[in-house]
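Structure file target16.csv; described as CSV, C-alpha atoms.
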```
chain,number,residue,atom,x,y,z
I,1403,MET,CA,-24.3,71.3,-6.7
I,1404,SER,CA,-27.0,69.7,-8.8
I,1405,GLU,CA,-26.7,66.6,-11.1
I,1406,ALA,CA,-26.6,68.9,-14.1
I,1407,ASP,CA,-23.5,70.7,-12.7
I,1408,GLU,CA,-21.5,67.5,-12.2
I,1409,LEU,CA,-18.8,66.7,-14.6
I,1410,PRO,CA,-19.4,63.7,-16.8
I,1411,THR,CA,-17.5,60.6,-15.7
I,1412,THR,CA,-14.9,59.4,-18.0
I,1413,PRO,CA,-14.2,55.7,-18.3
I,1414,PRO,CA,-11.1,54.6,-16.4
I,1415,ILE,CA,-7.9,54.6,-18.5
I,1416,ARG,CA,-7.0,51.0,-19.4
I,1417,GLN,CA,-3.5,50.1,-18.4
I,1418,ALA,CA,-1.2,49.3,-21.3
I,1419,ASN,CA,-0.9,45.6,-22.0
I,1420,LYS,CA,2.4,44.9,-20.2
I,1421,ARG,CA,2.9,41.6,-22.1
I,1422,GLY,CA,2.2,43.3,-25.4
I,1423,ALA,CA,4.9,45.9,-24.5
I,1424,ALA,CA,7.2,43.1,-23.5
I,1425,ARG,CA,6.6,41.4,-26.9
I,1426,LEU,CA,7.4,44.6,-28.8
I,1427,ALA,CA,10.5,45.2,-26.8
I,1428,ALA,CA,11.6,41.6,-27.3
I,1429,VAL,CA,11.2,41.9,-31.1
I,1430,GLN,CA,13.2,45.2,-31.0
I,1431,ALA,CA,15.9,43.5,-28.9
I,1432,LEU,CA,16.0,40.4,-31.2
I,1433,TYR,CA,16.4,42.8,-34.2
I,1434,GLN,CA,19.2,44.6,-32.4
I,1435,MET,CA,21.0,41.4,-31.6
I,1436,ASP,CA,20.7,40.2,-35.2
I,1437,VAL,CA,21.9,43.5,-36.8
I,1438,ALA,CA,24.5,44.6,-34.2
I,1439,GLY,CA,25.6,41.2,-33.0
I,1440,THR,CA,24.8,42.2,-29.4
I,1441,GLY,CA,24.7,39.3,-26.8
I,1442,LEU,CA,21.7,38.2,-24.8
I,1443,LEU,CA,22.9,39.4,-21.4
I,1444,GLU,CA,24.0,42.7,-22.7
I,1445,ILE,CA,20.8,43.4,-24.6
I,1446,SER,CA,18.6,42.2,-21.6
I,1447,ALA,CA,20.5,44.5,-19.2
I,1448,GLU,CA,20.3,47.5,-21.6
I,1449,TYR,CA,16.5,47.1,-22.2
I,1450,GLU,CA,15.7,46.6,-18.5
I,1451,ALA,CA,17.9,49.5,-17.4
I,1452,TYR,CA,17.3,52.0,-20.1
I,1453,ARG,CA,14.2,51.2,-22.2
I,1454,LEU,CA,11.3,49.3,-20.5
I,1455,GLY,CA,9.1,52.0,-19.1
I,1456,LYS,CA,11.7,54.6,-19.5
I,1457,GLU,CA,12.1,57.7,-21.7
I,1458,VAL,CA,14.6,57.5,-24.6
I,1459,ASP,CA,15.2,60.4,-26.9
I,1460,GLY,CA,12.0,62.1,-25.9
I,1461,ALA,CA,9.9,59.0,-26.5
I,1462,THR,CA,8.5,57.1,-23.5
I,1463,TYR,CA,8.5,53.3,-23.7
I,1464,ARG,CA,5.5,51.6,-22.3
I,1465,GLU,CA,5.8,49.8,-19.1
I,1466,ALA,CA,6.5,46.1,-19.9
I,1467,ASP,CA,6.5,42.8,-18.1
I,1468,ALA,CA,10.2,42.4,-17.7
I,1469,GLN,CA,9.9,38.7,-16.9
I,1470,TRP,CA,7.9,38.1,-20.1
I,1471,PHE,CA,10.5,40.1,-22.1
I,1472,ARG,CA,13.3,38.0,-20.7
I,1473,ALA,CA,11.5,34.7,-21.3
I,1474,ILE,CA,10.8,35.5,-25.0
I,1475,LEU,CA,14.3,36.8,-25.6
I,1476,SER,CA,16.2,34.0,-23.9
I,1477,GLY,CA,13.7,31.4,-25.3
I,1478,VAL,CA,14.2,32.5,-28.9
I,1479,VAL,CA,18.0,32.5,-28.4
I,1480,GLU,CA,18.0,29.1,-26.7
I,1481,ASP,CA,15.6,27.5,-29.2
I,1482,GLN,CA,16.5,29.3,-32.4
I,1483,LYS,CA,17.8,26.0,-34.0
I,1484,THR,CA,14.4,24.5,-33.4
I,1485,ILE,CA,12.4,27.7,-34.2
I,1486,ASP,CA,13.9,28.5,-37.6
I,1487,PRO,CA,13.1,25.2,-39.3
I,1488,VAL,CA,9.5,25.5,-38.0
I,1489,ILE,CA,9.3,29.0,-39.7
I,1490,ARG,CA,11.0,27.7,-42.9
I,1491,GLN,CA,8.4,24.9,-43.1
I,1492,ALA,CA,5.5,27.5,-42.8
I,1493,LEU,CA,6.9,29.8,-45.4
I,1494,THR,CA,6.3,29.3,-49.1
I,1495,ASP,CA,9.2,28.0,-51.3
I,1496,ASP,CA,9.6,31.5,-52.9
I,1497,TRP,CA,10.0,33.1,-49.5
I,1498,PRO,CA,12.9,31.4,-47.7
I,1499,LEU,CA,13.7,32.6,-44.1
I,1500,SER,CA,17.0,34.2,-45.4
I,1501,ARG,CA,15.0,36.5,-47.7
I,1502,LEU,CA,13.1,38.1,-44.8
I,1503,ASP,CA,14.5,41.2,-43.3
I,1504,SER,CA,15.7,41.2,-39.7
I,1505,THR,CA,12.6,42.8,-38.2
I,1506,LEU,CA,10.3,40.2,-39.8
I,1507,ARG,CA,12.5,37.3,-38.7
I,1508,ALA,CA,12.5,38.7,-35.1
I,1509,ILE,CA,8.6,38.9,-35.2
I,1510,LEU,CA,8.2,35.4,-36.5
I,1511,ARG,CA,10.8,33.9,-34.1
I,1512,ALA,CA,9.2,35.5,-31.1
I,1513,GLY,CA,5.7,34.4,-32.2
I,1514,VAL,CA,6.8,30.8,-33.0
I,1515,TYR,CA,8.6,30.6,-29.7
I,1516,GLU,CA,5.4,31.5,-27.8
I,1517,LEU,CA,3.3,29.0,-29.9
I,1518,MET,CA,5.9,26.3,-29.2
I,1519,LYS,CA,6.6,27.0,-25.5
I,1520,ARG,CA,3.6,28.9,-24.0
I,1521,ALA,CA,0.7,26.6,-24.2
I,1522,ASP,CA,-0.9,28.7,-21.5
I,1523,VAL,CA,-1.3,31.6,-24.0
I,1524,PRO,CA,-4.2,31.3,-26.5
I,1525,VAL,CA,-3.2,31.1,-30.2
I,1526,ALA,CA,-5.5,34.0,-31.0
I,1527,VAL,CA,-3.7,36.2,-28.5
I,1528,ILE,CA,-0.3,35.3,-29.8
I,1529,VAL,CA,-1.2,35.8,-33.5
I,1530,THR,CA,-3.0,39.0,-32.9
I,1531,GLU,CA,-0.2,40.5,-30.8
I,1532,TYR,CA,2.5,39.7,-33.4
I,1533,VAL,CA,0.4,40.8,-36.3
I,1534,ASP,CA,-0.1,44.2,-34.5
I,1535,ILE,CA,3.6,44.4,-34.0
I,1536,ALA,CA,4.1,43.8,-37.7
I,1537,LYS,CA,1.6,46.6,-38.5
I,1538,ALA,CA,3.7,48.9,-36.3
I,1539,PHE,CA,6.7,48.4,-38.7
I,1540,TYR,CA,5.1,47.6,-42.0
I,1541,THR,CA,2.1,48.8,-44.1
I,1542,GLU,CA,2.2,46.4,-47.0
I,1543,GLU,CA,2.0,42.5,-47.1
I,1544,GLU,CA,4.2,41.7,-44.1
I,1545,PRO,CA,1.4,41.7,-41.4
I,1546,LYS,CA,-0.5,39.3,-43.7
I,1547,LEU,CA,2.6,37.1,-43.9
I,1548,VAL,CA,3.0,37.1,-40.1
I,1549,ASN,CA,-0.6,36.1,-39.8
I,1550,ALA,CA,-0.3,33.3,-42.3
I,1551,VAL,CA,2.9,31.9,-41.0
I,1552,LEU,CA,1.8,31.9,-37.3
I,1553,ASP,CA,-1.5,30.4,-38.3
I,1554,ARG,CA,0.2,27.6,-40.1
I,1555,VAL,CA,2.5,26.9,-37.2
I,1556,ALA,CA,-0.4,27.0,-34.7
I,1557,ARG,CA,-2.3,24.4,-36.9
I,1558,ARG,CA,0.7,22.1,-37.0
I,1559,LEU,CA,1.9,22.5,-33.4
I,1560,ARG,CA,-1.3,23.0,-31.5
I,1561,ASN,CA,-3.9,21.7,-34.0
I,1562,GLU,CA,-5.5,25.2,-33.7
I,1563,GLY,CA,-5.8,28.1,-36.1
I,1564,ARG,CA,-8.1,30.6,-37.7
I,1565,GLY,CA,-10.0,31.3,-34.5
I,1566,GLY,CA,-10.6,27.8,-33.1
I,1567,THR,CA,-9.7,24.2,-32.7
I,1568,LEU,CA,-9.7,22.1,-35.8
I,1569,LYS,CA,-11.9,19.0,-36.1
I,1570,ALA,CA,-10.0,15.8,-36.6
```

With the file now loaded, output its structure as structure tokens.
Amino acid sequence: MSEADELPTTPPIRQANKRGAARLAAVQALYQMDVAGTGLLEISAEYEAYRLGKEVDGATYREADAQWFRAILSGVVEDQKTIDPVIRQALTDDWPLSRLDSTLRAILRAGVYELMKRADVPVAVIVTEYVDIAKAFYTEEEPKLVNAVLDRVARRLRNEGRGGTLKA
């Protein structure tokens, strides 16, 4: 077989971002907990047994980092009394936390949790991932709101934002 007869090589398929999938699943689980009043242990067990990397109603969930999923979920639940005031402070006066829908609250809570507790994860990664999650659910202003709130929180908590470290 000559070189001309060889099939073109295709680039290797990039593995799905397992932490990104865990973030999305955590947001969905937080939403479900908020709306249905489901408990932490029950929702964690349900997602790990039936959703993460599984097929549900003909749709296959991406494989997710189960440990990351559990950390976000339990961290938001444990620290919600600290997280919510941080979000409230980053929102404008005309957009109180209670005015946001459950999905948006779940996205912001998970993102703020990571900004507060996961100093090992760069701000840009956290903000980008949660803005992308917002874009999966919304087409209007909500992704911009997520970006603005997480950026404000990152500036306050980590002295970082808008792509780099702030000068003192």

For Ala1556 (chain I), the nearest of the candidates I:Ala1536, I:Ile1509, I:Ala1492, I:Ala1473, counting all atoms listed in the file:
I:Ala1492

Using only C-alpha atoms for the distances, tell me which of I:Lys1519, I:Val1479, I:Thr1530, I:Thr1541 is nearest to Arg1560 (chain I).
I:Lys1519

Find the residues near Asp1481 (chain I): any atom within 8 Å, counting all atoms listed in the file, skip ones fewer than 4 places away on the same chain, and give them as a PDB file with C-alpha atoms, keeping the file's coordinate frame.
```pdb
ATOM      1  CA  GLY I1477      13.700  31.400 -25.300  1.00  0.00           C
ATOM      2  CA  ILE I1485      12.400  27.700 -34.200  1.00  0.00           C
ATOM      3  CA  TYR I1515       8.600  30.600 -29.700  1.00  0.00           C
TER       4      TYR I1515
END
```

Considering all atoms listed in the file, state which residue in the set I:Ala1512, I:Ser1500, I:Met1518, I:Glu1531 is at the smallest distance from Asn1561 (chain I).
I:Met1518

Which residues are close to Asp1503 (chain I), i.e. within 12 Å by only C-alpha atoms, leaving aside same-chain residues fewer than 2 positions away? Reply as a PyMOL selection string.
chain I and resi 1433+1436-1437+1497-1501+1505-1510+1539-1540+1544

Pick from I:Ile1535, I:Leu1493, I:Val1551, I:Ile1474: nearest to Leu1442 (chain I), with all atoms listed in the file counted?
I:Ile1474

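Of note, CA of Thr1494 (chain I) and CA of Arg1421 (chain I) are spaced 29.9 Å apart.
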
Working from the structure I just supplied, which lacks atoms in region 1518-1529 of chain I, can you model N, CA, C and O atoms there and output them as a PDB file, in the coordinates of the input?
```pdb
ATOM      1  N   MET I1518       5.247  27.557 -29.521  1.00  0.00           N
ATOM      2  CA  MET I1518       5.900  26.300 -29.200  1.00  0.00           C
ATOM      3  C   MET I1518       5.936  26.080 -27.649  1.00  0.00           C
ATOM      4  O   MET I1518       5.715  24.967 -27.179  1.00  0.00           O
ATOM      5  N   LYS I1519       6.225  27.124 -26.912  1.00  0.00           N
ATOM      6  CA  LYS I1519       6.600  27.000 -25.500  1.00  0.00           C
ATOM      7  C   LYS I1519       5.542  27.524 -24.499  1.00  0.00           C
ATOM      8  O   LYS I1519       5.651  27.273 -23.312  1.00  0.00           O
ATOM      9  N   ARG I1520       4.592  28.310 -24.967  1.00  0.00           N
ATOM     10  CA  ARG I1520       3.600  28.900 -24.000  1.00  0.00           C
ATOM     11  C   ARG I1520       2.222  28.457 -24.331  1.00  0.00           C
ATOM     12  O   ARG I1520       1.381  29.213 -24.802  1.00  0.00           O
ATOM     13  N   ALA I1521       1.980  27.198 -24.016  1.00  0.00           N
ATOM     14  CA  ALA I1521       0.700  26.600 -24.200  1.00  0.00           C
ATOM     15  C   ALA I1521      -0.416  27.298 -23.384  1.00  0.00           C
ATOM     16  O   ALA I1521      -1.605  27.185 -23.674  1.00  0.00           O
ATOM     17  N   ASP I1522       0.014  28.024 -22.350  1.00  0.00           N
ATOM     18  CA  ASP I1522      -0.900  28.700 -21.500  1.00  0.00           C
ATOM     19  C   ASP I1522      -1.480  30.004 -22.142  1.00  0.00           C
ATOM     20  O   ASP I1522      -2.438  30.592 -21.652  1.00  0.00           O
ATOM     21  N   VAL I1523      -0.890  30.421 -23.259  1.00  0.00           N
ATOM     22  CA  VAL I1523      -1.300  31.600 -24.000  1.00  0.00           C
ATOM     23  C   VAL I1523      -2.142  31.186 -25.194  1.00  0.00           C
ATOM     24  O   VAL I1523      -1.638  30.418 -26.010  1.00  0.00           O
ATOM     25  N   PRO I1524      -3.381  31.667 -25.331  1.00  0.00           N
ATOM     26  CA  PRO I1524      -4.200  31.300 -26.500  1.00  0.00           C
ATOM     27  C   PRO I1524      -3.557  31.663 -27.818  1.00  0.00           C
ATOM     28  O   PRO I1524      -2.930  32.718 -27.936  1.00  0.00           O
ATOM     29  N   VAL I1525      -3.749  30.806 -28.810  1.00  0.00           N
ATOM     30  CA  VAL I1525      -3.200  31.100 -30.200  1.00  0.00           C
ATOM     31  C   VAL I1525      -3.683  32.415 -30.661  1.00  0.00           C
ATOM     32  O   VAL I1525      -2.881  33.184 -31.202  1.00  0.00           O
ATOM     33  N   ALA I1526      -4.964  32.724 -30.495  1.00  0.00           N
ATOM     34  CA  ALA I1526      -5.500  34.000 -31.000  1.00  0.00           C
ATOM     35  C   ALA I1526      -4.772  35.192 -30.418  1.00  0.00           C
ATOM     36  O   ALA I1526      -4.531  36.184 -31.118  1.00  0.00           O
ATOM     37  N   VAL I1527      -4.404  35.126 -29.153  1.00  0.00           N
ATOM     38  CA  VAL I1527      -3.700  36.200 -28.500  1.00  0.00           C
ATOM     39  C   VAL I1527      -2.301  36.377 -29.130  1.00  0.00           C
ATOM     40  O   VAL I1527      -1.882  37.485 -29.490  1.00  0.00           O
ATOM     41  N   ILE I1528      -1.608  35.270 -29.270  1.00  0.00           N
ATOM     42  CA  ILE I1528      -0.300  35.300 -29.800  1.00  0.00           C
ATOM     43  C   ILE I1528      -0.279  35.866 -31.258  1.00  0.00           C
ATOM     44  O   ILE I1528       0.467  36.791 -31.586  1.00  0.00           O
ATOM     45  N   VAL I1529      -1.151  35.321 -32.090  1.00  0.00           N
ATOM     46  CA  VAL I1529      -1.200  35.800 -33.500  1.00  0.00           C
ATOM     47  C   VAL I1529      -1.575  37.233 -33.582  1.00  0.00           C
ATOM     48  O   VAL I1529      -0.918  38.009 -34.277  1.00  0.00           O
TER      49      VAL I1529
END
```
